[in-house]
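This is run-v1.csv (CSV, C-alpha atoms).
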chain,number,residue,atom,x,y,z
C,1,MET,CA,20.5,12.5,-13.5
C,2,LYS,CA,17.0,12.5,-15.0
C,3,SER,CA,15.5,16.0,-14.9
C,4,LEU,CA,12.2,17.7,-15.8
C,5,ASP,CA,14.0,19.0,-18.9
C,6,ASP,CA,14.6,15.5,-20.1
C,7,LEU,CA,10.8,15.0,-19.8
C,8,LYS,CA,10.3,18.1,-22.1
C,9,LYS,CA,12.5,16.4,-24.7
C,10,ILE,CA,10.4,13.3,-24.5
C,11,ARG,CA,7.3,15.4,-25.0
C,12,ASP,CA,8.8,17.2,-28.0
C,13,ASN,CA,9.7,13.9,-29.6
C,14,ALA,CA,6.2,12.5,-29.0
C,15,GLN,CA,4.6,15.6,-30.4
C,16,LYS,CA,6.5,15.3,-33.7
C,17,LYS,CA,4.7,12.1,-34.6
C,18,VAL,CA,1.0,12.8,-33.9
C,19,THR,CA,-1.0,9.6,-34.1
C,20,MET,CA,-4.7,10.0,-33.9
C,21,ARG,CA,-6.1,7.1,-31.9
C,22,GLY,CA,-9.3,6.6,-29.9
C,23,LYS,CA,-9.1,5.1,-26.4
C,24,ASN,CA,-10.5,1.7,-27.4
C,25,ASP,CA,-8.6,1.2,-30.7
C,26,GLY,CA,-5.9,-1.4,-30.9
C,27,ILE,CA,-5.0,-4.0,-28.4
C,28,ARG,CA,-5.9,-3.7,-24.7
C,29,VAL,CA,-4.1,-5.6,-21.9
C,30,LEU,CA,-5.8,-5.7,-18.6
C,31,VAL,CA,-3.8,-6.8,-15.5
C,32,GLY,CA,-5.7,-7.9,-12.3
C,33,MET,CA,-4.3,-5.5,-9.6
C,34,ALA,CA,-6.4,-6.3,-6.5
C,35,THR,CA,-5.0,-7.6,-3.2
C,36,CYS,CA,-4.9,-11.2,-4.6
C,37,GLY,CA,-3.2,-10.2,-7.9
C,38,ILE,CA,-0.6,-8.0,-6.1
C,39,SER,CA,0.3,-10.7,-3.6
C,40,ALA,CA,0.7,-13.2,-6.4
C,41,GLY,CA,3.1,-11.0,-8.4
C,42,ALA,CA,0.9,-8.8,-10.6
C,43,ARG,CA,3.1,-5.7,-10.2
C,44,PRO,CA,6.2,-7.0,-11.9
C,45,VAL,CA,4.0,-8.5,-14.6
C,46,MET,CA,2.4,-5.2,-15.3
C,47,ASN,CA,5.7,-3.3,-15.2
C,48,ARG,CA,7.2,-5.8,-17.6
C,49,PHE,CA,4.3,-5.2,-20.1
C,50,VAL,CA,4.8,-1.4,-19.7
C,51,GLU,CA,8.5,-1.6,-20.2
C,52,GLN,CA,8.4,-4.0,-23.2
C,53,VAL,CA,5.6,-2.3,-25.0
C,54,ASP,CA,7.6,1.0,-24.7
C,55,LYS,CA,10.8,-0.7,-25.8
C,56,LYS,CA,9.3,-2.5,-28.8
C,57,ASN,CA,7.3,0.6,-29.9
C,58,LEU,CA,4.0,-1.2,-29.8
C,59,GLU,CA,2.0,2.0,-30.0
C,60,ASN,CA,-1.4,0.3,-30.4
C,61,VAL,CA,-1.2,-1.5,-27.1
C,62,THR,CA,-2.6,0.0,-23.9
C,63,ILE,CA,-2.0,-1.6,-20.5
C,64,THR,CA,-4.5,-1.0,-17.7
C,65,PRO,CA,-4.6,-2.2,-14.1
C,66,VAL,CA,-8.0,-3.6,-13.2
C,67,GLY,CA,-9.7,-5.2,-10.2
C,68,CYS,CA,-10.4,-8.9,-9.3
C,69,ILE,CA,-12.6,-11.2,-11.2
C,70,GLY,CA,-12.9,-13.7,-8.4
C,71,GLU,CA,-10.4,-16.3,-9.5
C,72,CYS,CA,-7.8,-15.3,-6.8
C,73,ALA,CA,-6.1,-18.7,-6.7
C,74,ILE,CA,-4.8,-18.4,-10.2
C,75,GLU,CA,-3.6,-14.9,-10.2
C,76,PRO,CA,-1.8,-13.0,-11.7
C,77,ILE,CA,-4.5,-12.8,-14.4
C,78,VAL,CA,-4.0,-11.0,-17.6
C,79,GLU,CA,-6.6,-10.4,-20.3
C,80,VAL,CA,-5.7,-9.5,-23.8
C,81,LEU,CA,-8.5,-7.8,-25.9
C,82,ILE,CA,-8.0,-7.7,-29.6
C,83,ASN,CA,-11.1,-6.5,-31.4
C,84,GLU,CA,-13.9,-8.7,-30.1
C,85,ASN,CA,-11.6,-11.4,-28.9
C,86,ARG,CA,-10.8,-11.8,-25.2
C,87,THR,CA,-8.1,-14.1,-24.1
C,88,THR,CA,-7.7,-14.8,-20.3
C,89,TYR,CA,-4.3,-15.8,-19.1
C,90,CYS,CA,-3.6,-16.9,-15.6
C,91,LYS,CA,-0.5,-17.6,-13.4
C,92,VAL,CA,1.4,-15.2,-15.6
C,93,ASP,CA,5.0,-14.4,-14.7
C,94,VAL,CA,7.6,-12.3,-16.4
C,95,ASP,CA,8.5,-15.0,-18.9
C,96,GLY,CA,4.8,-15.3,-19.6
C,97,VAL,CA,4.7,-11.6,-20.4
C,98,ASP,CA,7.5,-11.9,-22.9
C,99,ARG,CA,5.8,-14.9,-24.6
C,100,ILE,CA,2.4,-13.1,-24.7
C,101,ILE,CA,3.9,-10.1,-26.3
C,102,LYS,CA,6.0,-12.1,-28.8
C,103,GLU,CA,3.6,-14.9,-29.7
C,104,HIS,CA,0.2,-13.3,-29.2
C,105,ILE,CA,0.4,-9.5,-29.5
C,106,ILE,CA,3.0,-9.5,-32.2
C,107,GLY,CA,2.6,-13.0,-33.6
C,108,GLY,CA,-1.2,-13.3,-33.4
C,109,LYS,CA,-1.2,-16.7,-31.8
C,110,VAL,CA,-2.7,-17.4,-28.3
C,111,VAL,CA,-0.1,-18.8,-25.8
C,112,ASP,CA,-1.7,-22.0,-24.8
C,113,ASP,CA,0.5,-22.7,-21.9
C,114,TYR,CA,-1.0,-19.8,-19.9
C,115,VAL,CA,-4.6,-19.7,-21.0
C,116,ILE,CA,-7.2,-20.1,-18.2
C,117,GLY,CA,-8.7,-23.2,-19.8
C,118,LYS,CA,-5.7,-25.1,-18.5
C,119,TYR,CA,-6.9,-24.5,-15.0
C,120,ARG,CA,-10.7,-23.8,-15.2
C,121,ILE,CA,-13.1,-24.9,-17.9
H,1,MET,CA,3.0,-8.7,1.0
H,2,GLU,CA,6.7,-8.3,1.0
H,3,GLU,CA,7.0,-4.6,0.5
H,4,LEU,CA,5.3,-1.5,1.8
H,5,SER,CA,5.1,-0.3,-1.8
H,6,LEU,CA,2.9,-3.2,-2.6
H,7,HIS,CA,0.5,-2.3,0.3
H,8,ILE,CA,0.5,1.3,-1.2
H,9,LEU,CA,-0.5,-0.1,-4.6
H,10,ASP,CA,-3.2,-2.2,-3.0
H,11,VAL,CA,-4.7,0.5,-0.7
H,12,CYS,CA,-4.7,3.1,-3.5
H,13,GLN,CA,-7.0,0.9,-5.6
H,14,ASN,CA,-9.6,1.7,-3.0
H,15,SER,CA,-9.1,5.4,-3.6
H,16,ILE,CA,-9.4,4.9,-7.3
H,17,LYS,CA,-12.7,3.0,-6.8
H,18,ALA,CA,-13.9,5.8,-4.5
H,19,ASN,CA,-13.6,8.3,-7.5
H,20,ALA,CA,-10.8,10.3,-6.0
H,21,SER,CA,-9.2,12.9,-8.2
H,22,LEU,CA,-6.0,13.2,-6.2
H,23,ILE,CA,-4.2,10.6,-4.1
H,24,GLN,CA,-1.5,11.8,-1.8
H,25,ILE,CA,1.1,9.5,-0.5
H,26,LEU,CA,3.6,10.5,2.2
H,27,ILE,CA,6.5,8.4,3.6
H,28,ASP,CA,8.3,9.9,6.5
H,29,GLU,CA,11.4,7.9,7.6
H,30,ASN,CA,12.8,9.4,10.8
H,31,PRO,CA,15.9,7.5,12.1
H,32,LYS,CA,16.2,9.8,15.1
H,33,LYS,CA,12.7,8.9,16.4
H,34,ASN,CA,13.0,5.4,14.9
H,35,THR,CA,9.7,5.7,13.1
H,36,LEU,CA,8.4,5.3,9.6
H,37,ILE,CA,5.0,6.9,8.9
H,38,LEU,CA,3.1,6.1,5.8
H,39,GLU,CA,0.1,8.2,5.1
H,40,ILE,CA,-2.3,7.8,2.1
H,41,SER,CA,-5.1,10.3,1.7
H,42,ASP,CA,-7.6,10.8,-1.1
H,43,ASP,CA,-10.5,13.1,-1.9
H,44,GLY,CA,-12.8,10.3,-2.9
H,45,HIS,CA,-16.4,9.7,-1.7
H,46,GLY,CA,-15.3,8.5,1.8
H,47,MET,CA,-17.0,6.0,4.0
H,48,ASN,CA,-19.8,6.2,6.5
H,49,LYS,CA,-19.2,5.3,10.2
H,50,GLU,CA,-20.6,1.8,9.8
H,51,THR,CA,-18.3,0.9,6.9
H,52,LEU,CA,-15.4,2.5,8.7
H,53,THR,CA,-15.8,0.1,11.7
H,54,GLN,CA,-15.8,-2.9,9.3
H,55,VAL,CA,-12.9,-2.2,6.9
H,56,SER,CA,-10.2,-4.0,8.9
H,57,ASP,CA,-12.4,-7.1,9.2
H,58,PRO,CA,-11.0,-9.6,6.7
H,59,PHE,CA,-14.5,-10.9,6.1
H,60,PHE,CA,-15.8,-7.5,5.1
H,61,THR,CA,-15.6,-6.4,1.5
H,62,THR,CA,-17.7,-4.2,-0.8
H,63,ARG,CA,-17.0,-6.4,-3.8
H,64,THR,CA,-19.2,-9.0,-5.2
H,65,THR,CA,-16.7,-11.4,-6.9
H,66,ARG,CA,-15.5,-12.8,-3.6
H,67,LYS,CA,-16.3,-12.9,0.1
H,68,VAL,CA,-13.1,-11.7,1.7
H,69,GLY,CA,-11.3,-8.4,1.7
H,70,LEU,CA,-7.8,-8.6,2.9
H,71,GLY,CA,-6.2,-5.4,1.7
H,72,ILE,CA,-6.6,-3.2,4.8
H,73,SER,CA,-6.3,-6.2,7.2
H,74,LEU,CA,-2.9,-7.2,5.7
H,75,PHE,CA,-1.7,-3.6,5.9
H,76,LYS,CA,-2.8,-3.3,9.5
H,77,MET,CA,-1.0,-6.5,10.4
H,78,ALA,CA,2.2,-5.3,8.7
H,79,ALA,CA,2.1,-2.2,10.9
H,80,GLU,CA,1.2,-4.0,14.1
H,81,ALA,CA,3.9,-6.5,13.7
H,82,THR,CA,6.5,-3.7,14.2
H,83,ASN,CA,4.7,-2.3,17.3
H,84,GLY,CA,3.1,0.2,15.1
H,85,GLU,CA,-0.6,0.9,14.3
H,86,LEU,CA,-3.0,1.7,11.5
H,87,LYS,CA,-5.5,4.4,11.7
H,88,ILE,CA,-8.2,5.3,9.2
H,89,GLU,CA,-10.2,8.5,9.2
H,90,SER,CA,-12.9,9.1,6.7
H,91,ARG,CA,-15.7,11.5,6.0
H,92,GLU,CA,-18.5,10.8,3.5
H,93,ASN,CA,-18.1,13.0,0.4
H,94,TYR,CA,-14.7,14.4,1.6
H,95,GLY,CA,-12.3,11.5,1.4
H,96,THR,CA,-10.3,9.0,3.4
H,97,ARG,CA,-6.9,9.1,5.1
H,98,ILE,CA,-4.9,6.1,6.3
H,99,ILE,CA,-2.0,6.5,8.6
H,100,ALA,CA,0.3,3.6,9.3
H,101,THR,CA,3.1,3.8,11.7
H,102,PHE,CA,6.1,1.5,11.9
H,103,GLU,CA,9.1,1.1,14.0
H,104,LEU,CA,11.8,1.9,11.5
H,105,ASP,CA,14.5,-0.6,12.6
H,106,HIS,CA,12.1,-3.4,13.7
H,107,ILE,CA,13.2,-6.7,12.3
H,108,ASP,CA,9.6,-7.4,11.0
H,109,ARG,CA,9.3,-4.1,9.2
H,110,ALA,CA,8.8,-4.8,5.5
H,111,PRO,CA,11.1,-2.8,3.3
H,112,VAL,CA,9.6,0.1,1.4
H,113,GLY,CA,10.5,-1.7,-1.9
H,114,ASP,CA,10.2,-0.5,-5.5
H,115,ILE,CA,8.2,2.6,-5.1
H,116,GLU,CA,8.8,3.5,-8.8
H,117,ASP,CA,7.0,0.4,-10.0
H,118,THR,CA,4.0,1.2,-7.8
H,119,LEU,CA,3.8,4.8,-8.8
H,120,ILE,CA,4.0,4.0,-12.5
H,121,ILE,CA,1.1,1.6,-12.3
H,122,LEU,CA,-0.9,4.2,-10.2
H,123,ALA,CA,-0.1,6.9,-12.7
H,124,LEU,CA,-1.4,4.8,-15.6
H,125,ASN,CA,-4.9,4.6,-14.0
H,126,GLU,CA,-7.7,5.0,-16.6
H,127,GLU,CA,-9.5,7.8,-14.8
H,128,ASN,CA,-6.5,10.2,-14.9
H,129,ILE,CA,-6.4,10.4,-11.1
H,130,ASP,CA,-3.4,12.5,-10.0
H,131,ILE,CA,-0.8,11.1,-7.7
H,132,TYR,CA,1.3,13.2,-5.3
H,133,TYR,CA,4.1,11.4,-3.7
H,134,ARG,CA,6.4,12.8,-1.0
H,135,HIS,CA,9.2,11.0,0.7
H,136,ILE,CA,11.1,12.4,3.6
H,137,TYR,CA,14.3,10.8,5.0
H,138,ASN,CA,16.1,12.6,7.8
H,139,GLU,CA,14.8,16.0,6.7
H,140,LYS,CA,15.7,15.4,3.1
H,141,GLU,CA,12.8,15.3,0.7
H,142,PHE,CA,11.8,13.9,-2.7
H,143,GLU,CA,8.6,14.8,-4.5
H,144,PHE,CA,6.8,13.2,-7.5
H,145,ASP,CA,3.7,14.9,-8.7
H,146,THR,CA,1.7,13.7,-11.7
H,147,ARG,CA,0.0,17.2,-11.9
H,148,GLN,CA,3.4,18.7,-12.6
H,149,ILE,CA,4.2,16.0,-15.1
H,150,ARG,CA,0.9,16.4,-16.9
H,151,GLU,CA,1.6,20.2,-17.2
H,152,ILE,CA,5.0,19.6,-18.8
H,153,LEU,CA,3.7,16.9,-21.1
H,154,GLU,CA,0.8,19.1,-22.3
H,155,GLU,CA,-1.3,16.8,-24.6
H,156,THR,CA,1.2,14.0,-24.6
H,157,PRO,CA,-0.1,11.0,-22.7
H,158,PHE,CA,1.8,9.1,-20.0
H,159,THR,CA,1.9,6.2,-22.4
H,160,ALA,CA,4.0,8.0,-25.0
H,161,LYS,CA,7.3,6.6,-25.9
H,162,GLY,CA,9.9,7.0,-23.1
H,163,VAL,CA,7.6,8.6,-20.5
H,164,THR,CA,7.3,5.7,-18.1
H,165,GLN,CA,11.0,4.9,-18.4
H,166,TRP,CA,11.8,8.5,-17.5
H,167,MET,CA,9.4,8.3,-14.5
H,168,LYS,CA,11.1,5.1,-13.3
H,169,GLU,CA,14.6,6.6,-13.4
H,170,TYR,CA,13.5,10.0,-12.1
H,171,ILE,CA,11.9,8.4,-9.0
H,172,LYS,CA,14.7,5.9,-8.4
H,173,GLU,CA,17.4,8.5,-8.6
H,174,GLY,CA,15.4,10.9,-6.4
H,175,LEU,CA,15.0,8.4,-3.7
H,176,ASP,CA,18.6,7.2,-3.9
H,177,ASN,CA,19.7,10.9,-3.4
H,178,ILE,CA,17.7,11.5,-0.2
H,179,HIS,CA,19.1,8.2,1.2
H,180,LYS,CA,22.7,8.9,0.4
H,181,GLU,CA,24.9,9.3,3.5
H,182,GLU,CA,26.4,12.8,3.6
H,183,THR,CA,30.1,12.7,3.1
H,184,LYS,CA,31.9,15.0,5.4
Would it be possible to restate this file's structure as C-alpha cells?
Amino acid sequence: MKSLDDLKKIRDNAQKKVTMRGKNDGIRVLVGMATCGISAGARPVMNRFVEQVDKKNLENVTITPVGCIGECAIEPIVEVLINENRTTYCKVDVDGVDRIIKEHIIGGKVVDDYVIGKYRI
Amino acid sequence: MEELSLHILDVCQNSIKANASLIQILIDENPKKNTLILEISDDGHGMNKETLTQVSDPFFTTRTTRKVGLGISLFKMAAEATNGELKIESRENYGTRIIATFELDHIDRAPVGDIEDTLIILALNEENIDIYYRHIYNEKEFEFDTRQIREILEETPFTAKGVTQWMKEYIKEGLDNIHKEETK
C-alpha cells in the first residue's frame, strides 16, 4: 500500500539533489486537452509522457495540458518546444509518444511521421 | 466520451480557465438508492445568468478558435441517457457548481474509468490550482487532496521524480479499497 509516508521519502530523495531551474528552461511539451483532444485520446498520450519522462529521468522536460488550437479533426495535438523551435505533432498515440521522446527529445530529430505538415500545410 | 473521468477532465478545464484556486470533485456511488452523483465545484469567476442559460447549447462557446462547444453538452447527454440530469449553478465572482446524477446500474451509464489519470493531469496544471477529490462508495470514503500533498512535499514540485507515480498508485489503491466487497 502506498502511504503518505512513502511520499515523504520521495520528497527527501528529491531534496537531496537540488537542481536550480527556471520555469521556462529546457524542453516543454504541450498537450491539447480540450473536449476535442480528450475525445481523441489526449489523456493516455499525456499520461504516457508523464510516465516516461519520470522513468527516463528527463528532468529538463515539463509537460503541460493546454487548450484547443482549432484543429480538432487532427487531435491529439502535441507541441514540443525546444529553445525557439516549435514542432507541432498531430494524431499522436502512445507509440507516437515513445517515438517523440526517443527520436526528438533525446535524439534531437523531428519525427516526420507525426508532424502536422503531413495533414495541413 | 467513454468514461466519466474523461468528462471530469474536460469540465475541469473550464474551472482552470475561470481562474479557480480550488476545484472540488465528489463522486457518490450509492447502490442502495441506485444513484451515482458527480459534483464538480470551483471558486472561479463564475458565470452571469445569460451565459448560464447558454452553456449546454452545443453552438455556444467562449473560445475563438472554433465555433462549437461540446464539453457541457456531452456531459449532459451522458447523464440524461441514464434517466439522470445535469444541473449547473453559478454566481459571478463566487464560482460554479455542476451536479450530474446518473442511474448507477443503467446500461448506458459510462464507467467512472481511470480517475488517477485524470487527477494527475489536473494536478499538473500550470497555475497550481488545488484539487480535492472525494469518492464515496456505500458509505466508505477515499480522499485525495493536493493541498495535503503540497504540504508534505514542501518545496518539491509535483514533477519531481516519483511523485506522479506515487499519486497514481495511491489513488488506484484507495479506490480499489473502498470498492472491495466486505468479507464476512
May I ask you to extract the residues of chain H within 7 Å of chain C, using only C-alpha atoms, and to give them as a list in words? Met1, Leu6, Asp10, Thr65, Arg66, Leu70, Gly71, Asp117, Leu124, Asn125, Glu126, Ile152, Leu153, Thr156, Ala160, Lys161, Gly162, Val163, Trp166, Glu169 and Tyr170 of chain H
Could you state the separation of CA of Tyr133 in chain H and CA of Ile25 in chain H in Å, given to one decimal place? 4.8 Å
Env of Leu119 in chain H: 10 Å cut, atoms = all atoms listed in the file, seq-sep filter 2 positions within chain, self excluded. Answer as a VMD selection string. chain H and resid 5 8 to 9 25 114 to 117 121 to 124 131 to 133 144 146 164 167 to 168 171
Please indicate the distance in Å from CA of Thr61 in chain H to CA of Val112 in chain H, rounded to one decimal place.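 CA of Val112 in chain H lies at a distance of 26.0 Å from CA of Thr61 in chain H.
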Within 7 Å of Leu22 in chain H, counting all atoms listed in the file, which residues show up once you throw out same-chain ones fewer than 3 positions away? Write them as an mmCIF file with C-alpha atoms, in the coordinates of the input, please.
data_model
loop_
_atom_site.group_PDB
_atom_site.id
_atom_site.type_symbol
_atom_site.label_atom_id
_atom_site.label_comp_id
_atom_site.auth_asym_id
_atom_site.auth_seq_id
_atom_site.Cartn_x
_atom_site.Cartn_y
_atom_site.Cartn_z
ATOM 1 C CA ASP H 42 -7.600 10.800 -1.100
ATOM 2 C CA ASP H 43 -10.500 13.100 -1.900
ATOM 3 C CA ILE H 129 -6.400 10.400 -11.100
ATOM 4 C CA ASP H 130 -3.400 12.500 -10.000
ATOM 5 C CA ILE H 131 -0.800 11.100 -7.700
#
Near-Asp95 in chain C list (12 Å; all atoms listed in the file; drop same-chain fewer than 5 positions) as a list in words: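 My reading of the contact set: Pro44, Val45, Arg48, Phe49, Gln52, Ile100, Ile101, Lys102, Glu103, Val111, Asp113 and Tyr114 of chain C.
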Between H:Gln24, H:Gln13, H:Glu29, H:Gly95, which has the minimum distance to Gly32 in chain C (counting all atoms listed in the file)? H:Gln13
Point-to-point distance in Å for CA of His179 in chain H and CA of Asn138 in chain H: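 It comes out at 8.5 Å.
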Which neighbours of Val92 in chain C fall inside 7 Å, counting all atoms listed in the file, when residues of the same chain fewer than 3 positions from it are skipped, and could you give them as number ranges by chain? C: 76-77, 89, 96-97, 114
Top pick for closest residue to Arg109 in chain H, considering H:Cys12, H:Ile88, H:Leu4, H:Met47 and counting only C-alpha atoms: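 The answer is H:Leu4, which sits nearest to Arg109 in chain H.
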